[in-house]
>>> print(open('protein.txt').read())   # compact mmCIF, C-alpha atoms
# COMPACT_ATOMS: atom_id res chain seq x y z
CA MET A 1 0.00 0.00 0.00
CA LYS A 2 2.83 2.38 0.88
CA LYS A 3 4.51 1.61 -2.44
CA VAL A 4 1.32 2.44 -4.34
CA PHE A 5 0.90 5.69 -2.39
CA PHE A 6 4.56 6.52 -3.08
CA ILE A 7 4.09 5.99 -6.84
CA ILE A 8 0.87 8.04 -6.88
CA ASN A 9 2.69 10.93 -5.24
CA ILE A 10 5.42 10.78 -7.87
CA ILE A 11 2.82 10.88 -10.66
CA LEU A 12 1.02 13.83 -9.02
CA CYS A 13 4.35 15.59 -8.56
CA VAL A 14 5.19 15.28 -12.26
CA ILE A 15 1.69 16.32 -13.38
CA SER A 16 1.74 19.40 -11.12
CA PHE A 17 5.18 20.42 -12.33
CA LEU A 18 4.31 20.05 -16.03
CA TYR A 19 1.01 21.87 -15.55
CA GLY A 20 2.88 24.73 -13.86
CA ILE A 21 5.20 24.93 -16.87
CA SER A 22 2.20 25.15 -19.21
CA ILE A 23 0.65 27.95 -17.15
CA LEU A 24 3.99 29.79 -17.12
CA ASN A 25 4.15 29.61 -20.92
CA VAL A 26 0.75 31.31 -21.22
CA ASN A 27 2.30 34.50 -19.81
CA SER A 28 -0.79 35.39 -17.79
CA GLY A 29 0.89 38.37 -16.16
CA THR A 30 0.80 36.93 -12.63
CA LEU A 31 3.07 34.70 -10.56
CA PHE A 32 0.29 32.35 -9.50
CA TYR A 33 1.74 29.57 -11.67
CA LEU A 34 4.33 29.11 -8.89
CA ILE A 35 1.66 27.42 -6.79
CA TRP A 36 1.89 24.35 -9.05
CA PHE A 37 5.62 24.04 -8.38
CA LEU A 38 4.90 24.30 -4.64
CA ILE A 39 2.27 21.57 -4.96
CA SER A 40 4.79 19.45 -6.84
CA ALA A 41 7.33 20.01 -4.04
CA PHE A 42 4.66 19.05 -1.49
CA PHE A 43 4.28 15.61 -3.06
CA VAL A 44 8.06 15.20 -3.07
CA ILE A 45 8.18 16.04 0.65
CA ILE A 46 5.46 13.49 1.41
CA ASP A 47 7.42 10.79 -0.43
CA LEU A 48 10.58 11.74 1.47
CA LEU A 49 8.71 11.48 4.76
CA ILE A 50 7.47 8.05 3.73
CA TYR A 51 10.87 6.91 2.48
CA PHE A 52 12.63 7.89 5.71
CA LYS A 53 9.75 6.44 7.77
CA VAL A 54 9.13 9.74 9.58
CA PHE A 55 5.43 8.96 10.00
CA GLU A 56 6.28 5.61 11.60
CA LYS A 57 8.82 7.12 14.00
CA TYR A 58 6.74 10.11 15.06
CA LYS A 59 3.09 9.11 15.46
CA VAL A 60 2.05 12.53 16.81
CA PHE A 61 3.48 14.24 13.75
CA LYS A 62 1.52 11.84 11.55
CA LYS A 63 -1.74 12.67 13.35
CA ILE A 64 -1.14 16.42 13.14
CA PHE A 65 -0.25 16.12 9.45
CA ILE A 66 -3.42 14.14 8.70
CA TRP A 67 -5.62 16.55 10.64
CA VAL A 68 -4.14 19.65 8.99
CA CYS A 69 -4.48 18.13 5.52
CA SER A 70 -8.05 16.97 6.23
CA ILE A 71 -9.17 20.38 7.46
CA GLY A 72 -7.46 22.08 4.51
CA ILE A 73 -9.14 19.76 2.01
CA CYS A 74 -12.56 20.30 3.62
CA ILE A 75 -12.19 24.10 3.47
CA PHE A 76 -11.02 23.86 -0.12
CA LEU A 77 -13.98 21.70 -1.17
CA VAL A 78 -16.53 23.98 0.52
CA ILE A 79 -15.15 27.10 -1.20
CA LEU A 80 -14.86 25.25 -4.51
CA SER A 81 -18.51 24.18 -4.30
CA LEU A 82 -19.54 27.81 -3.75
CA ILE A 83 -17.57 28.92 -6.80
CA ILE A 84 -19.02 26.14 -8.96
CA SER A 85 -22.57 26.99 -7.81
CA LYS A 86 -22.48 30.23 -9.84
CA MET A 87 -20.62 28.99 -12.90
CA ASN A 88 -23.71 28.17 -14.94
CA VAL A 89 -26.40 30.56 -13.70
CA LYS A 90 -28.93 31.58 -16.36
CA PRO A 91 -28.87 35.32 -17.12
CA VAL A 92 -31.94 37.51 -16.66
CA LYS A 93 -33.26 38.97 -19.90
CA ASN A 94 -33.66 42.67 -20.75
CA LEU A 95 -31.39 44.11 -18.09
CA ASP A 96 -30.86 47.87 -18.15
CA TYR A 97 -27.07 47.55 -17.91
CA ILE A 98 -24.43 44.89 -18.09
CA ILE A 99 -20.93 45.45 -16.74
CA VAL A 100 -18.10 43.63 -18.50
CA LEU A 101 -15.21 43.25 -16.08
CA GLY A 102 -11.80 43.98 -17.54
CA ALA A 103 -8.92 41.54 -17.90
CA GLN A 104 -5.46 41.54 -19.44
CA VAL A 105 -4.97 43.19 -22.81
CA LYS A 106 -2.06 42.03 -24.97
CA GLU A 107 -0.35 43.57 -28.01
CA SER A 108 -2.64 41.59 -30.29
CA GLY A 109 -5.79 42.67 -28.44
CA PRO A 110 -7.92 41.16 -25.65
CA SER A 111 -6.47 38.14 -23.88
CA VAL A 112 -8.26 34.82 -24.22
CA VAL A 113 -9.94 35.34 -20.84
CA LEU A 114 -11.20 38.78 -21.86
CA ARG A 115 -12.41 37.57 -25.27
CA TYR A 116 -14.62 35.00 -23.56
CA ARG A 117 -16.21 37.81 -21.55
CA LEU A 118 -16.63 40.06 -24.56
CA ASP A 119 -18.12 37.31 -26.72
CA ARG A 120 -20.68 36.59 -24.00
CA ALA A 121 -21.50 40.30 -23.80
CA VAL A 122 -21.98 40.43 -27.58
CA SER A 123 -24.41 37.52 -27.56
CA TYR A 124 -26.39 39.05 -24.68
CA LEU A 125 -26.54 42.50 -26.28
CA LYS A 126 -27.72 41.07 -29.58
CA GLU A 127 -30.49 39.18 -27.79
CA ASN A 128 -31.51 42.20 -25.66
CA ASP A 129 -31.67 45.31 -27.83
CA ASN A 130 -32.33 47.86 -25.05
CA THR A 131 -29.48 46.86 -22.76
CA LEU A 132 -26.51 49.21 -22.36
CA VAL A 133 -23.02 47.91 -21.66
CA ILE A 134 -20.29 49.34 -19.44
CA VAL A 135 -16.80 48.14 -20.33
CA SER A 136 -14.70 48.51 -17.21
CA GLY A 137 -10.93 48.39 -16.96
CA GLY A 138 -7.95 50.72 -16.70
CA GLN A 139 -4.45 50.40 -18.11
CA GLY A 140 -1.91 48.09 -16.52
CA ILE A 141 1.82 48.70 -16.66
CA ASN A 142 2.19 45.96 -19.28
CA GLU A 143 -0.77 47.03 -21.44
CA LYS A 144 -0.65 49.23 -24.53
CA ALA A 145 -4.03 50.89 -23.85
CA THR A 146 -6.84 50.87 -21.32
CA GLU A 147 -8.74 47.63 -21.16
CA ALA A 148 -12.00 49.57 -21.58
CA SER A 149 -10.92 51.15 -24.87
CA VAL A 150 -9.80 47.81 -26.31
CA MET A 151 -13.05 46.22 -25.14
CA LYS A 152 -15.12 48.94 -26.78
CA GLU A 153 -13.29 48.49 -30.08
CA TYR A 154 -13.87 44.74 -29.92
CA LEU A 155 -17.61 45.16 -29.31
CA ILE A 156 -17.95 47.64 -32.18
CA ASN A 157 -16.14 45.24 -34.51
CA GLU A 158 -18.63 42.56 -33.46
CA GLY A 159 -21.56 44.72 -34.52
CA ILE A 160 -22.55 46.45 -31.28
CA ASN A 161 -23.68 50.06 -31.77
CA GLU A 162 -21.25 52.55 -30.22
CA ASP A 163 -24.16 54.43 -28.62
CA ARG A 164 -24.80 51.42 -26.36
CA ILE A 165 -21.24 51.28 -25.02
CA ILE A 166 -20.09 53.23 -21.95
CA ILE A 167 -16.42 53.37 -20.99
CA GLU A 168 -15.13 53.16 -17.42
CA ASP A 169 -11.33 53.25 -17.68
CA LYS A 170 -10.05 54.01 -14.18
CA SER A 171 -10.32 50.60 -12.52
CA ASN A 172 -7.57 48.09 -11.77
CA THR A 173 -9.44 45.54 -9.65
CA THR A 174 -12.83 43.84 -9.62
CA LYS A 175 -13.76 45.97 -6.62
CA GLU A 176 -12.93 49.18 -8.53
CA ASN A 177 -14.68 47.86 -11.67
CA LEU A 178 -17.93 47.55 -9.78
CA ILE A 179 -17.71 50.65 -7.60
CA ASN A 180 -16.79 52.92 -10.51
CA SER A 181 -19.40 51.37 -12.79
CA LYS A 182 -22.06 51.87 -10.15
CA LYS A 183 -21.38 55.62 -10.22
CA ILE A 184 -22.40 55.66 -13.87
CA ILE A 185 -25.65 53.75 -13.39
CA ARG A 186 -28.76 55.55 -12.19
CA ASP A 187 -30.67 54.16 -9.22
CA ASN A 188 -33.25 51.42 -9.59
CA LYS A 189 -31.70 50.02 -12.74
CA SER A 190 -31.22 46.28 -13.27
CA ILE A 191 -27.61 45.19 -13.64
CA GLY A 192 -25.79 42.13 -14.88
CA ILE A 193 -22.12 41.30 -14.38
CA VAL A 194 -20.30 39.62 -17.26
CA THR A 195 -17.21 37.67 -16.28
CA ASN A 196 -15.76 34.19 -16.67
CA ASN A 197 -17.67 31.37 -15.01
CA PHE A 198 -14.92 30.64 -12.47
CA HIS A 199 -14.89 34.32 -11.40
CA MET A 200 -18.67 34.73 -11.18
CA TYR A 201 -19.23 33.85 -7.52
CA ARG A 202 -16.61 36.24 -6.15
CA ALA A 203 -17.63 39.05 -8.52
CA LEU A 204 -21.24 38.86 -7.31
CA LEU A 205 -20.03 38.73 -3.72
CA ILE A 206 -17.90 41.84 -4.16
CA GLY A 207 -20.75 43.60 -5.94
CA LYS A 208 -23.16 42.85 -3.11
CA LYS A 209 -20.69 44.15 -0.54
CA TYR A 210 -20.38 47.49 -2.35
CA GLY A 211 -24.02 47.98 -3.20
CA VAL A 212 -24.08 46.62 -6.75
CA ASN A 213 -27.12 44.35 -6.65
CA ALA A 214 -26.49 42.45 -9.83
CA VAL A 215 -27.20 39.12 -11.46
CA GLY A 216 -24.59 36.96 -13.12
CA ILE A 217 -23.94 36.48 -16.81
CA PRO A 218 -21.13 33.92 -16.83
CA SER A 219 -18.95 33.39 -19.87
CA LYS A 220 -17.01 30.31 -20.84
CA SER A 221 -13.39 29.66 -19.95
CA ASN A 222 -10.63 27.49 -21.32
CA SER A 223 -11.19 24.01 -19.86
CA TYR A 224 -7.45 23.20 -19.83
CA TYR A 225 -6.64 26.20 -17.64
CA LEU A 226 -9.78 25.87 -15.51
CA PRO A 227 -7.98 23.99 -12.67
CA ASN A 228 -5.52 26.89 -12.36
CA ASN A 229 -8.30 29.47 -12.46
CA LEU A 230 -10.41 27.63 -9.90
CA LEU A 231 -7.48 27.19 -7.53
CA ARG A 232 -6.64 30.86 -7.88
CA GLU A 233 -10.25 31.77 -7.12
CA VAL A 234 -10.20 29.68 -3.95
CA PHE A 235 -7.25 31.68 -2.65
CA ALA A 236 -8.80 34.94 -3.86
CA TYR A 237 -11.99 34.11 -1.97
CA ILE A 238 -10.04 33.39 1.24
CA LYS A 239 -8.21 36.71 0.81
CA PHE A 240 -11.55 38.50 0.28
CA ILE A 241 -13.03 36.98 3.45
CA ILE A 242 -9.97 37.84 5.55
CA LEU A 243 -9.05 41.26 4.16
CA GLY A 244 -12.30 42.35 2.51
>>> encode(input="protein.txt", output="structure tokens")
Amino acid sequence: MKKVFFIINIILCVISFLYGISILNVNSGTLFYLIWFLISAFFVIIDLLIYFKVFEKYKVFKKIFIWVCSIGICIFLVILSLIISKMNVKPVKNLDYIIVLGAQVKESGPSVVLRYRLDRAVSYLKENDNTLVIVSGGQGINEKATEASVMKEYLINEGINEDRIIIEDKSNTTKENLINSKKIIRDNKSIGIVTNNFHMYRALLIGKKYGVNAVGIPSKSNSYYLPNNLLREVFAYIKFIILG
């Protein structure tokens, strides 16, 4: 049994390391890919502890290790279930406004993540002729223009009338996206938030905290990178709960 567990850990170690390399190559603009190398190292450490029979020599350490891992896994699964619960919500029709949350812009245009959001906004706007759209996002240090301006251009190229598009180009976080967009929207207007499915739960939570009573309009996401995005969201949720 120990041999099987040892081999499984090696396999998980290799998978985590290779997945981290693939995330690194995407050039997402963050250092979160490092978490996969840490996970890989974690499996190596477990195998070393097994190999040197540390768990057999120190029973108390084994119990503490099992309890810590069990509690961590339970917390992870609860948060993950909350995130998944909002990934496929059906959007409300004929909203007054939809807010498209910004994401990284590259030299070639919107990143893959942002294109998913914009394509979902396009489909919603074409199905709901009276809805206005706020494209929200400022300019990062590694971006050639504001996210909002690039988003507007993309929507126009996809056939959305310029008169329906409102720019909010001062925001750098989801919190700022929603707070600044709210300032544009008159009271008693219905609002939808367009973002990727894995980001939907936290976006709605942030909106609720800052008085943006919105419904979700989730977009698709790349299935290969979904594990990375979901894991990142778990940590982002924990940070939101602790720091606000």
>>> closest_residue(input="protein.txt", among="A:Pro110, A:Gly102, A:Gly216, A:Gly192", to="Lys170 in chain A", atoms="only C-alpha atoms")
A:Gly102
>>> residues_near_point(input="protein.txt", point="(-25.1, 47.7, -23.2)", cutoff="6 Å", atoms="only C-alpha atoms", output="count of residues only")
7
>>> closest_residue(input="protein.txt", among="A:Lys2, A:Cys13, A:Ser171, A:Val113", to="Glu56 in chain A", atoms="only C-alpha atoms")
A:Lys2
>>> closest_residue(input="protein.txt", among="A:Phe17, A:Phe61, A:Phe52, A:Phe76", to="Tyr33 in chain A", atoms="all atoms listed in the file")
A:Phe17
>>> axis_aligned_box(input="protein.txt", around="range 144-161 of chain A", padding_each_side="4 Å", output="AutoDock Vina command-line options")
--center_x -12.2 --center_y 46.9 --center_z -27.8 --size_x 31.0 --size_y 16.6 --size_z 21.4
>>> closest_residue(input="protein.txt", among="A:Ile217, A:Ile64, A:Leu226, A:Ile75", to="Ile23 in chain A", atoms="all atoms listed in the file")
A:Leu226
>>> closest_residue(input="protein.txt", among="A:Leu155, A:Leu82, A:Val4, A:Val68", to="Ser123 in chain A", atoms="all atoms listed in the file")
A:Leu155
